[in-house]
file target18.cif (mmCIF, C-alpha atoms and all ligand atoms)
data_data
loop_
_atom_site.group_PDB
_atom_site.id
_atom_site.type_symbol
_atom_site.label_atom_id
_atom_site.label_comp_id
_atom_site.auth_asym_id
_atom_site.auth_seq_id
_atom_site.Cartn_x
_atom_site.Cartn_y
_atom_site.Cartn_z
ATOM 1 C CA MET A 1 76.451 149.776 96.636
ATOM 2 C CA LYS A 2 74.162 150.787 93.772
ATOM 3 C CA ILE A 3 71.922 153.792 94.375
ATOM 4 C CA ILE A 4 69.182 155.374 92.272
ATOM 5 C CA ILE A 5 68.399 159.051 92.783
ATOM 6 C CA CYS A 6 64.720 159.422 91.923
ATOM 7 C CA ASP A 7 64.163 163.118 92.689
ATOM 8 C CA LYS A 8 66.157 166.295 92.222
ATOM 9 C CA THR A 9 69.345 166.250 94.330
ATOM 10 C CA GLU A 10 72.241 168.743 94.316
ATOM 11 C CA LYS A 11 75.048 167.638 91.979
ATOM 12 C CA GLU A 12 77.805 168.379 94.480
ATOM 13 C CA TYR A 13 76.474 165.737 96.872
ATOM 14 C CA ILE A 14 75.945 163.171 94.138
ATOM 15 C CA GLU A 15 79.643 163.595 93.329
ATOM 16 C CA GLN A 16 80.476 163.155 97.022
ATOM 17 C CA MET A 17 78.673 159.814 97.036
ATOM 18 C CA ARG A 18 80.473 158.711 93.882
ATOM 19 C CA ALA A 19 83.825 159.775 95.350
ATOM 20 C CA ALA A 20 83.039 157.592 98.381
ATOM 21 C CA GLY A 21 82.658 154.579 96.079
ATOM 22 C CA LEU A 22 78.881 154.407 95.615
ATOM 23 C CA THR A 23 77.497 153.714 92.150
ATOM 24 C CA VAL A 24 74.938 156.464 91.689
ATOM 25 C CA ASP A 25 72.450 156.691 88.829
ATOM 26 C CA VAL A 26 70.484 159.911 88.551
ATOM 27 C CA ARG A 27 66.954 159.238 87.291
ATOM 28 C CA ASP A 28 65.130 162.256 88.639
ATOM 29 C CA ASP A 29 62.516 162.035 85.889
ATOM 30 C CA ILE A 30 61.727 158.346 86.357
ATOM 31 C CA THR A 31 58.032 157.449 86.162
ATOM 32 C CA PRO A 32 56.306 155.122 88.653
ATOM 33 C CA GLU A 33 55.961 152.516 85.855
ATOM 34 C CA GLN A 34 59.692 152.635 85.021
ATOM 35 C CA LEU A 35 60.580 152.458 88.702
ATOM 36 C CA MET A 36 58.676 149.154 89.060
ATOM 37 C CA VAL A 37 60.960 147.722 86.372
ATOM 38 C CA GLU A 38 64.247 149.369 87.325
ATOM 39 C CA LEU A 39 64.288 149.633 91.116
ATOM 40 C CA PRO A 40 64.872 145.864 91.600
ATOM 41 C CA ASN A 41 68.411 146.496 90.247
ATOM 42 C CA TYR A 42 69.301 148.829 93.104
ATOM 43 C CA GLU A 43 70.183 148.478 96.788
ATOM 44 C CA GLY A 44 69.425 152.055 97.709
ATOM 45 C CA MET A 45 67.131 154.857 96.617
ATOM 46 C CA VAL A 46 66.920 158.584 97.269
ATOM 47 C CA VAL A 47 63.480 160.184 97.058
ATOM 48 C CA ARG A 48 61.864 163.492 97.851
ATOM 49 C CA SER A 49 58.167 164.350 97.425
ATOM 50 C CA ARG A 50 57.652 163.357 93.806
ATOM 51 C CA THR A 51 58.421 159.653 94.153
ATOM 52 C CA LYS A 52 56.050 157.606 96.259
ATOM 53 C CA VAL A 53 57.290 154.299 97.674
ATOM 54 C CA ARG A 54 54.294 152.097 98.292
ATOM 55 C CA LYS A 55 53.915 148.411 99.198
ATOM 56 C CA ASP A 56 53.606 147.197 95.595
ATOM 57 C CA LEU A 57 56.959 148.781 94.716
ATOM 58 C CA ILE A 58 58.667 147.450 97.844
ATOM 59 C CA ASP A 59 57.336 143.971 97.061
ATOM 60 C CA VAL A 60 59.216 143.777 93.751
ATOM 61 C CA CYS A 61 62.543 144.906 95.234
ATOM 62 C CA PRO A 62 64.083 142.107 97.336
ATOM 63 C CA ASN A 63 67.552 143.695 96.956
ATOM 64 C CA LEU A 64 66.532 147.072 98.349
ATOM 65 C CA LYS A 65 68.392 147.829 101.606
ATOM 66 C CA VAL A 66 67.889 151.540 102.160
ATOM 67 C CA ILE A 67 65.425 154.304 101.285
ATOM 68 C CA LEU A 68 66.538 157.826 102.028
ATOM 69 C CA ARG A 69 64.024 160.654 101.880
ATOM 70 C CA GLY A 70 65.385 164.143 101.505
ATOM 71 C CA GLY A 71 62.782 165.852 103.648
ATOM 72 C CA ALA A 72 61.076 165.698 107.004
ATOM 73 C CA GLY A 73 57.887 163.731 106.336
ATOM 74 C CA LEU A 74 57.745 160.003 105.689
ATOM 75 C CA ASP A 75 54.143 160.002 104.460
ATOM 76 C CA THR A 76 55.241 159.363 100.859
ATOM 77 C CA ILE A 77 56.795 156.035 101.894
ATOM 78 C CA ASP A 78 55.111 152.942 103.355
ATOM 79 C CA HIS A 79 57.899 153.083 105.903
ATOM 80 C CA GLU A 80 56.509 150.635 108.460
ATOM 81 C CA TYR A 81 56.084 148.024 105.725
ATOM 82 C CA ALA A 82 59.587 148.724 104.385
ATOM 83 C CA LYS A 83 61.031 148.211 107.871
ATOM 84 C CA GLU A 84 59.149 144.900 108.196
ATOM 85 C CA LYS A 85 60.923 143.847 104.995
ATOM 86 C CA GLY A 86 64.289 144.693 106.558
ATOM 87 C CA ILE A 87 64.763 147.936 104.623
ATOM 88 C CA THR A 88 66.316 150.881 106.484
ATOM 89 C CA VAL A 89 64.294 154.073 106.021
ATOM 90 C CA MET A 90 65.914 157.411 106.792
ATOM 91 C CA ASN A 91 65.004 161.057 106.324
ATOM 92 C CA THR A 92 66.565 164.471 106.904
ATOM 93 C CA PRO A 93 64.391 165.744 109.765
ATOM 94 C CA LEU A 94 66.122 169.076 110.439
ATOM 95 C CA ALA A 95 67.329 170.181 107.012
ATOM 96 C CA ASN A 96 64.194 172.052 105.888
ATOM 97 C CA SER A 97 62.987 173.456 109.225
ATOM 98 C CA LYS A 98 64.273 177.024 108.948
ATOM 99 C CA SER A 99 63.065 177.443 105.364
ATOM 100 C CA VAL A 100 59.573 176.188 106.160
ATOM 101 C CA ALA A 101 59.430 178.383 109.284
ATOM 102 C CA GLU A 102 60.390 181.466 107.266
ATOM 103 C CA LEU A 103 57.696 180.693 104.716
ATOM 104 C CA ALA A 104 55.061 180.352 107.462
ATOM 105 C CA ILE A 105 56.045 183.698 109.009
ATOM 106 C CA GLY A 106 56.189 185.346 105.574
ATOM 107 C CA TYR A 107 52.714 184.075 104.844
ATOM 108 C CA MET A 108 51.363 185.567 108.084
ATOM 109 C CA LEU A 109 52.834 188.959 107.205
ATOM 110 C CA MET A 110 51.434 188.742 103.684
ATOM 111 C CA MET A 111 47.956 188.012 104.990
ATOM 112 C CA ALA A 112 48.113 190.741 107.660
ATOM 113 C CA ARG A 113 48.946 193.387 105.042
ATOM 114 C CA SER A 114 47.206 191.817 101.973
ATOM 115 C CA LEU A 115 50.553 192.178 100.209
ATOM 116 C CA TYR A 116 49.646 189.844 97.363
ATOM 117 C CA LYS A 117 46.575 191.967 96.561
ATOM 118 C CA ALA A 118 48.455 195.260 96.943
ATOM 119 C CA SER A 119 51.116 194.019 94.540
ATOM 120 C CA ALA A 120 48.443 192.967 92.008
ATOM 121 C CA THR A 121 46.875 196.459 92.073
ATOM 122 C CA MET A 122 50.249 198.065 91.325
ATOM 123 C CA LYS A 123 50.794 195.748 88.362
ATOM 124 C CA ALA A 124 47.398 196.937 87.117
ATOM 125 C CA GLU A 125 48.721 200.524 87.404
ATOM 126 C CA THR A 126 46.267 201.359 90.208
ATOM 127 C CA TRP A 127 47.228 203.471 93.251
ATOM 128 C CA ASP A 128 44.668 202.055 95.686
ATOM 129 C CA LYS A 129 46.091 203.224 99.026
ATOM 130 C CA LYS A 130 42.703 203.277 100.814
ATOM 131 C CA SER A 131 42.010 199.560 100.386
ATOM 132 C CA PHE A 132 45.013 198.400 102.347
ATOM 133 C CA ASN A 133 44.450 198.928 106.034
ATOM 134 C CA GLY A 134 46.063 195.848 107.527
ATOM 135 C CA ASP A 135 47.016 194.866 111.029
ATOM 136 C CA GLU A 136 50.215 194.033 112.881
ATOM 137 C CA ILE A 137 51.069 190.442 113.723
ATOM 138 C CA GLY A 138 52.816 191.627 116.910
ATOM 139 C CA GLY A 139 50.478 191.281 119.879
ATOM 140 C CA LYS A 140 48.440 188.562 118.173
ATOM 141 C CA THR A 141 48.170 184.961 119.315
ATOM 142 C CA LEU A 142 49.701 182.298 117.122
ATOM 143 C CA GLY A 143 48.470 178.745 117.666
ATOM 144 C CA LEU A 144 50.893 176.083 116.513
ATOM 145 C CA ILE A 145 49.491 172.636 115.892
ATOM 146 C CA GLY A 146 52.615 170.523 116.241
ATOM 147 C CA ILE A 147 55.756 171.880 117.811
ATOM 148 C CA GLY A 148 58.563 169.673 116.518
ATOM 149 C CA ASN A 149 61.613 170.915 114.602
ATOM 150 C CA ILE A 150 59.676 173.299 112.349
ATOM 151 C CA GLY A 151 57.287 174.472 115.081
ATOM 152 C CA LYS A 152 60.302 175.413 117.235
ATOM 153 C CA GLU A 153 61.794 177.510 114.430
ATOM 154 C CA VAL A 154 58.432 179.237 113.866
ATOM 155 C CA THR A 155 58.231 179.937 117.620
ATOM 156 C CA LYS A 156 61.637 181.679 117.718
ATOM 157 C CA ARG A 157 60.633 183.967 114.866
ATOM 158 C CA ALA A 158 57.092 184.609 116.144
ATOM 159 C CA LEU A 159 58.362 185.537 119.618
ATOM 160 C CA ALA A 160 60.860 187.940 118.047
ATOM 161 C CA MET A 161 57.887 189.573 116.322
ATOM 162 C CA GLU A 162 56.132 189.924 119.689
ATOM 163 C CA MET A 163 53.435 187.344 119.062
ATOM 164 C CA THR A 164 52.047 185.217 121.895
ATOM 165 C CA VAL A 165 52.602 181.563 121.037
ATOM 166 C CA VAL A 166 50.334 178.749 122.192
ATOM 167 C CA ALA A 167 50.767 175.196 120.956
ATOM 168 C CA TYR A 168 49.006 171.876 120.862
ATOM 169 C CA ASP A 169 51.267 168.840 120.642
ATOM 170 C CA PRO A 170 50.440 165.683 122.592
ATOM 171 C CA TYR A 171 54.106 164.592 122.364
ATOM 172 C CA VAL A 172 55.608 167.710 123.955
ATOM 173 C CA LYS A 173 55.391 168.405 127.690
ATOM 174 C CA GLU A 174 57.045 171.826 127.859
ATOM 175 C CA MET A 175 58.649 174.423 125.627
ATOM 176 C CA ALA A 176 60.262 177.730 126.581
ATOM 177 C CA GLY A 177 58.215 180.761 125.576
ATOM 178 C CA VAL A 178 55.187 178.675 124.583
ATOM 179 C CA LYS A 179 51.994 177.900 126.471
ATOM 180 C CA LEU A 180 50.950 174.327 125.759
ATOM 181 C CA VAL A 181 47.178 174.037 125.521
ATOM 182 C CA SER A 182 44.498 171.597 124.392
ATOM 183 C CA LEU A 183 43.425 171.684 120.751
ATOM 184 C CA ASP A 184 40.089 173.274 121.707
ATOM 185 C CA GLU A 185 41.850 176.002 123.708
ATOM 186 C CA LEU A 186 44.164 176.686 120.792
ATOM 187 C CA LEU A 187 41.250 176.946 118.366
ATOM 188 C CA ALA A 188 39.429 179.372 120.663
ATOM 189 C CA GLN A 189 42.432 181.619 121.416
ATOM 190 C CA SER A 190 44.374 181.940 118.161
ATOM 191 C CA ASP A 191 44.389 184.819 115.675
ATOM 192 C CA TYR A 192 46.690 182.764 113.441
ATOM 193 C CA ILE A 193 46.831 178.974 113.310
ATOM 194 C CA SER A 194 49.846 177.343 111.681
ATOM 195 C CA LEU A 195 50.206 173.601 111.171
ATOM 196 C CA HIS A 196 53.525 171.855 111.724
ATOM 197 C CA LEU A 197 52.791 168.178 112.177
ATOM 198 C CA PRO A 198 53.206 165.061 110.034
ATOM 199 C CA LYS A 199 50.329 163.591 108.071
ATOM 200 C CA THR A 200 49.245 160.354 109.690
ATOM 201 C CA LYS A 201 45.966 158.441 110.022
ATOM 202 C CA GLU A 202 45.296 160.482 113.188
ATOM 203 C CA SER A 203 46.099 163.887 111.710
ATOM 204 C CA SER A 204 44.204 163.442 108.414
ATOM 205 C CA ASN A 205 41.213 165.792 108.438
ATOM 206 C CA MET A 206 41.891 166.749 112.071
ATOM 207 C CA ILE A 207 40.778 170.301 111.231
ATOM 208 C CA GLY A 208 37.258 170.089 109.853
ATOM 209 C CA LYS A 209 33.864 171.721 110.189
ATOM 210 C CA GLU A 210 33.638 171.134 113.945
ATOM 211 C CA GLN A 211 37.093 172.643 114.579
ATOM 212 C CA PHE A 212 36.418 175.702 112.380
ATOM 213 C CA ALA A 213 33.273 176.365 114.424
ATOM 214 C CA LYS A 214 35.444 176.588 117.571
ATOM 215 C CA MET A 215 37.826 179.177 116.076
ATOM 216 C CA LYS A 216 37.704 182.965 116.495
ATOM 217 C CA ASN A 217 35.891 184.810 113.721
ATOM 218 C CA GLY A 218 38.460 186.224 111.324
ATOM 219 C CA VAL A 219 41.188 183.707 112.152
ATOM 220 C CA ARG A 220 43.945 183.159 109.567
ATOM 221 C CA ILE A 221 45.297 179.710 108.726
ATOM 222 C CA VAL A 222 48.746 178.715 107.463
ATOM 223 C CA ASN A 223 49.405 175.207 106.179
ATOM 224 C CA CYS A 224 52.984 174.453 105.167
ATOM 225 C CA ALA A 225 52.760 170.888 106.574
ATOM 226 C CA ARG A 226 50.676 168.501 104.491
ATOM 227 C CA GLY A 227 47.488 168.727 102.486
ATOM 228 C CA GLY A 228 44.549 166.846 103.937
ATOM 229 C CA ILE A 229 45.328 167.640 107.596
ATOM 230 C CA VAL A 230 42.875 170.496 107.106
ATOM 231 C CA ASN A 231 39.749 169.234 105.380
ATOM 232 C CA GLU A 232 39.679 171.194 102.128
ATOM 233 C CA GLU A 233 35.881 171.291 101.760
ATOM 234 C CA ALA A 234 35.455 172.575 105.318
ATOM 235 C CA LEU A 235 38.190 175.163 104.752
ATOM 236 C CA TYR A 236 36.529 176.336 101.542
ATOM 237 C CA GLU A 237 33.256 176.764 103.392
ATOM 238 C CA ALA A 238 34.943 178.634 106.272
ATOM 239 C CA LEU A 239 36.751 180.956 103.845
ATOM 240 C CA THR A 240 33.665 181.754 101.806
ATOM 241 C CA SER A 241 31.458 182.290 104.858
ATOM 242 C CA GLY A 242 34.005 184.736 106.330
ATOM 243 C CA LYS A 243 34.617 182.625 109.457
ATOM 244 C CA VAL A 244 38.242 182.332 108.317
ATOM 245 C CA ALA A 245 39.602 185.660 107.039
ATOM 246 C CA GLY A 246 42.450 184.170 105.057
ATOM 247 C CA ALA A 247 44.461 181.060 104.410
ATOM 248 C CA ALA A 248 47.983 180.545 103.134
ATOM 249 C CA LEU A 249 48.457 177.112 101.652
ATOM 250 C CA ASP A 250 51.698 175.556 100.469
ATOM 251 C CA VAL A 251 50.313 172.014 100.442
ATOM 252 C CA PHE A 252 47.218 170.323 99.051
ATOM 253 C CA ASN A 253 45.384 167.067 99.381
ATOM 254 C CA GLU A 254 46.352 166.294 95.807
ATOM 255 C CA GLU A 255 49.502 167.834 94.367
ATOM 256 C CA PRO A 256 48.992 169.349 91.904
ATOM 257 C CA PRO A 257 45.350 169.888 92.894
ATOM 258 C CA THR A 258 42.725 168.434 90.578
ATOM 259 C CA ASP A 259 40.276 171.029 91.860
ATOM 260 C CA TRP A 260 41.788 174.538 92.038
ATOM 261 C CA LYS A 261 38.836 176.269 93.701
ATOM 262 C CA LEU A 262 40.604 176.785 97.051
ATOM 263 C CA ALA A 263 43.734 178.258 95.479
ATOM 264 C CA LYS A 264 41.611 180.616 93.377
ATOM 265 C CA LEU A 265 39.749 182.195 96.296
ATOM 266 C CA ASP A 266 40.469 185.872 96.794
ATOM 267 C CA ASN A 267 41.381 185.359 100.451
ATOM 268 C CA VAL A 268 43.816 182.495 99.782
ATOM 269 C CA ILE A 269 47.523 182.746 99.003
ATOM 270 C CA ALA A 270 48.845 179.530 97.559
ATOM 271 C CA SER A 271 52.179 178.075 96.499
ATOM 272 C CA PRO A 272 53.175 174.738 94.947
ATOM 273 C CA HIS A 273 54.760 172.980 97.997
ATOM 274 C CA ILE A 274 57.847 175.202 98.112
ATOM 275 C CA GLY A 275 58.501 175.181 101.863
ATOM 276 C CA ALA A 276 61.854 173.473 101.386
ATOM 277 C CA ALA A 277 62.703 175.188 98.114
ATOM 278 C CA THR A 278 65.587 177.394 99.223
ATOM 279 C CA LYS A 279 69.213 176.994 98.277
ATOM 280 C CA GLU A 280 70.142 176.628 101.941
ATOM 281 C CA ALA A 281 67.625 173.826 102.597
ATOM 282 C CA GLN A 282 68.537 172.043 99.365
ATOM 283 C CA ALA A 283 72.208 172.127 100.320
ATOM 284 C CA ARG A 284 71.497 170.820 103.832
ATOM 285 C CA VAL A 285 69.316 168.035 102.419
ATOM 286 C CA GLY A 286 71.954 167.041 99.836
ATOM 287 C CA ALA A 287 74.741 167.022 102.420
ATOM 288 C CA GLU A 288 72.719 164.933 104.872
ATOM 289 C CA VAL A 289 71.600 162.463 102.203
ATOM 290 C CA ALA A 290 75.216 161.938 101.082
ATOM 291 C CA GLU A 291 76.505 161.642 104.654
ATOM 292 C CA LYS A 292 73.844 159.123 105.664
ATOM 293 C CA LEU A 293 74.178 156.968 102.555
ATOM 294 C CA ILE A 294 77.971 156.888 102.728
ATOM 295 C CA ALA A 295 77.787 155.883 106.408
ATOM 296 C CA PHE A 296 75.162 153.221 105.606
ATOM 297 C CA ALA A 297 77.299 151.730 102.828
ATOM 298 C CA LYS A 298 80.288 151.465 105.164
ATOM 299 C CA LYS A 299 78.371 149.394 107.777
HETATM 300 C C1 LIG B 1 59.499 167.747 103.713
HETATM 301 O O1 LIG B 1 58.911 166.672 103.977
HETATM 302 O O2 LIG B 1 60.485 168.121 104.379
HETATM 303 C C2 LIG B 1 59.090 168.572 102.529
HETATM 304 O O3 LIG B 1 57.758 168.401 102.245
HETATM 305 C C3 LIG B 1 60.015 168.267 101.418
HETATM 306 C C4 LIG B 1 59.585 168.577 100.022
HETATM 307 O O4 LIG B 1 59.212 169.683 99.684
HETATM 308 O O5 LIG B 1 59.689 167.697 99.192
#

call {"tool": "encode", "arguments": {"input": "target18.cif", "output": "structure tokens", "more": "lines below"}}
Ligand code: MLT
result
Amino acid sequence: MKIIICDKTEKEYIEQMRAAGLTVDVRDDITPEQLMVELPNYEGMVVRSRTKVRKDLIDVCPNLKVILRGGAGLDTIDHEYAKEKGITVMNTPLANSKSVAELAIGYMLMMARSLYKASATMKAETWDKKSFNGDEIGGKTLGLIGIGNIGKEVTKRALAMEMTVVAYDPYVKEMAGVKLVSLDELLAQSDYISLHLPKTKESSNMIGKEQFAKMKNGVRIVNCARGGIVNEEALYEALTSGKVAGAALDVFNEEPPTDWKLAKLDNVIASPHIGAATKEAQARVGAEVAEKLIAFAKK
């Protein structure tokens, strides 16, 4: 079976696939234009976030049998359409969970203590002790929107830090240590709101002007899920009006953003979609991709 690797994948696992008899071409710099020409020669593809697999690409690839995404979300693939065409679509739903959860918790701590600002003052050779009266995250209420694999990992860590965890997830009926509430209840009760749900038609812009109005004054928002679930214009307005005290954003509607105004705000910490960028997550993703592709080829 002939596989093209379109995004960065650990070498060790590429070698594992080759050792199992797969023909693997690494093209992790391939452009969308080149992919339209070259993908028809392959039966399988491995993608992460960079490579989008849309209908027009699927349509020119009658030989394609399997698409494997190294990551949790499938929003970068027209996966329903691919399935209609008889293509198997797989992902690695658990591999990144712990890394993303740690980033979300780290972001909450950074906002509570304004660590990013404190660090900047020290680099400017300023000893500004008086400006940094933060607060503890222990004793605060964390509202999780979405409580799947990543939400569960965030919960474990938040409970260990003595936070109260409430969650809104229409697909979950109960969860130890967590009070499941309606979205409106979550918005009204939370000191921190962290998003851990996929981007779908339903979740796009689900947090907008109306939802910000229902939040506590001074709430802090963490988005390590997908850009566009929180409406960026409404978030900008809420951050500049002071309704939202701070936001930590790892994901954006457009990546990289074409408009950097959100990332530049003083009360925003931003990172370039690095939730899964740890050596542990990369290794888990690589191992799972290799295992799944080898098993698929043996069928
Ligand atoms: C995921 O879907 O698990 C992540 O967004 C992966 C990534 O960073 O590419």

call {"tool": "closest_residue", "arguments": {"input": "target18.cif", "among": "A:Val222, A:Ile77, A:Val230, A:Ala245", "to": "Ser204 of chain A", "atoms": "all atoms listed in the file"}}
result
A:Val230

call {"tool": "residues_around", "arguments": {"input": "target18.cif", "residues": "Leu109 of chain A", "least_positions_apart": "4", "cutoff": "8 Å", "atoms": "all atoms listed in the file", "output": "ChimeraX atom specification"}}
result
/A:105,113,137

call {"tool": "write_last_selection", "arguments": {"input": "target18.cif", "atoms": "C-alpha atoms", "output": "compact mmCIF listing (two decimals), keeping the file's coordinate frame"}}
result
# COMPACT_ATOMS: atom_id res chain seq x y z
CA ILE A 105 56.04 183.70 109.01
CA ARG A 113 48.95 193.39 105.04
CA ILE A 137 51.07 190.44 113.72

call {"tool": "residues_around", "arguments": {"input": "target18.cif", "residues": "Phe212 of chain A", "least_positions_apart": "4", "cutoff": "12 Å", "atoms": "all atoms listed in the file", "output": "number ranges by chain"}}
result
A: 183-184, 186-188, 190, 193, 205-208, 216-221, 230-239, 241-245

call {"tool": "residues_around", "arguments": {"input": "target18.cif", "residues": "segment 268-279 of chain A", "least_positions_apart": "5", "cutoff": "10 Å", "atoms": "all atoms listed in the file", "output": "PyMOL selection string"}}
result
chain A and resi 10+49+70-72+95-104+107+110-111+114-117+220-227+236+239+245-252+255-257+262-263+284-285

call {"tool": "atom_distance", "arguments": {"input": "target18.cif", "atom1": "atom CA of Thr141 of chain A", "atom2": "atom CA of Tyr192 of chain A"}}
result
6.4 Å

call {"tool": "atom_distance", "arguments": {"input": "target18.cif", "atom1": "atom CA of Pro62 of chain A", "atom2": "atom CA of Glu43 of chain A"}}
result
8.8 Å

call {"tool": "resolve_selection", "arguments": {"input": "target18.cif", "expression": "the PyMOL selection byres (((chain A and resi 73) around 8) and not hetatm)", "output": "list in words"}}
result
Gly71, Ala72, Leu74, Asp75, Thr76, Asn91, Pro93, Pro198 and Lys199 of chain A

call {"tool": "axis_aligned_box", "arguments": {"input": "target18.cif", "around": "segment 47-52 of chain A", "padding_each_side": "4 Å", "output": "JSON"}}
result
{"center_x": 59.8, "center_y": 161.0, "center_z": 95.8, "size_x": 15.4, "size_y": 14.7, "size_z": 12.0}

call {"tool": "atom_distance", "arguments": {"input": "target18.cif", "atom1": "atom CA of Gly177 of chain A", "atom2": "atom O4 of ligand LIG 1 (chain B)"}}
result
28.2 Å

call {"tool": "residues_around", "arguments": {"input": "target18.cif", "residues": "Gly139 of chain A", "least_positions_apart": "6", "cutoff": "9 Å", "atoms": "all atoms listed in the file", "output": "list in words"}}
result
Met161, Glu162, Met163 and Thr164 of chain A

call {"tool": "resolve_selection", "arguments": {"input": "target18.cif", "expression": "the PyMOL selection byres (((chain A and resi 155) around 10) and not hetatm)", "output": "PyMOL selection string"}}
result
chain A and resi 101+105+142-144+147+150-154+156-161+163-167+175-178

call {"tool": "write_last_selection", "arguments": {"input": "target18.cif", "atoms": "C-alpha atoms", "output": "mmCIF file, in the coordinates of the input"}}
result
data_model
loop_
_atom_site.group_PDB
_atom_site.id
_atom_site.type_symbol
_atom_site.label_atom_id
_atom_site.label_comp_id
_atom_site.auth_asym_id
_atom_site.auth_seq_id
_atom_site.Cartn_x
_atom_site.Cartn_y
_atom_site.Cartn_z
ATOM 1 C CA ALA A 101 59.430 178.383 109.284
ATOM 2 C CA ILE A 105 56.045 183.698 109.009
ATOM 3 C CA LEU A 142 49.701 182.298 117.122
ATOM 4 C CA GLY A 143 48.470 178.745 117.666
ATOM 5 C CA LEU A 144 50.893 176.083 116.513
ATOM 6 C CA ILE A 147 55.756 171.880 117.811
ATOM 7 C CA ILE A 150 59.676 173.299 112.349
ATOM 8 C CA GLY A 151 57.287 174.472 115.081
ATOM 9 C CA LYS A 152 60.302 175.413 117.235
ATOM 10 C CA GLU A 153 61.794 177.510 114.430
ATOM 11 C CA VAL A 154 58.432 179.237 113.866
ATOM 12 C CA LYS A 156 61.637 181.679 117.718
ATOM 13 C CA ARG A 157 60.633 183.967 114.866
ATOM 14 C CA ALA A 158 57.092 184.609 116.144
ATOM 15 C CA LEU A 159 58.362 185.537 119.618
ATOM 16 C CA ALA A 160 60.860 187.940 118.047
ATOM 17 C CA MET A 161 57.887 189.573 116.322
ATOM 18 C CA MET A 163 53.435 187.344 119.062
ATOM 19 C CA THR A 164 52.047 185.217 121.895
ATOM 20 C CA VAL A 165 52.602 181.563 121.037
ATOM 21 C CA VAL A 166 50.334 178.749 122.192
ATOM 22 C CA ALA A 167 50.767 175.196 120.956
ATOM 23 C CA MET A 175 58.649 174.423 125.627
ATOM 24 C CA ALA A 176 60.262 177.730 126.581
ATOM 25 C CA GLY A 177 58.215 180.761 125.576
ATOM 26 C CA VAL A 178 55.187 178.675 124.583
#

call {"tool": "closest_residue", "arguments": {"input": "target18.cif", "among": "A:Leu64, A:Leu197, A:Ile5, A:Ile14", "to": "ligand LIG 1 (chain B)", "atoms": "only C-alpha atoms and all ligand atoms"}}
result
A:Leu197

call {"tool": "resolve_selection", "arguments": {"input": "target18.cif", "expression": "the PyMOL selection byres (((chain A and resi 11) around 12) and not hetatm)", "output": "ChimeraX atom specification"}}
result
/A:5,7-10,12-18,24-26,28,282-283,285-287,289-290
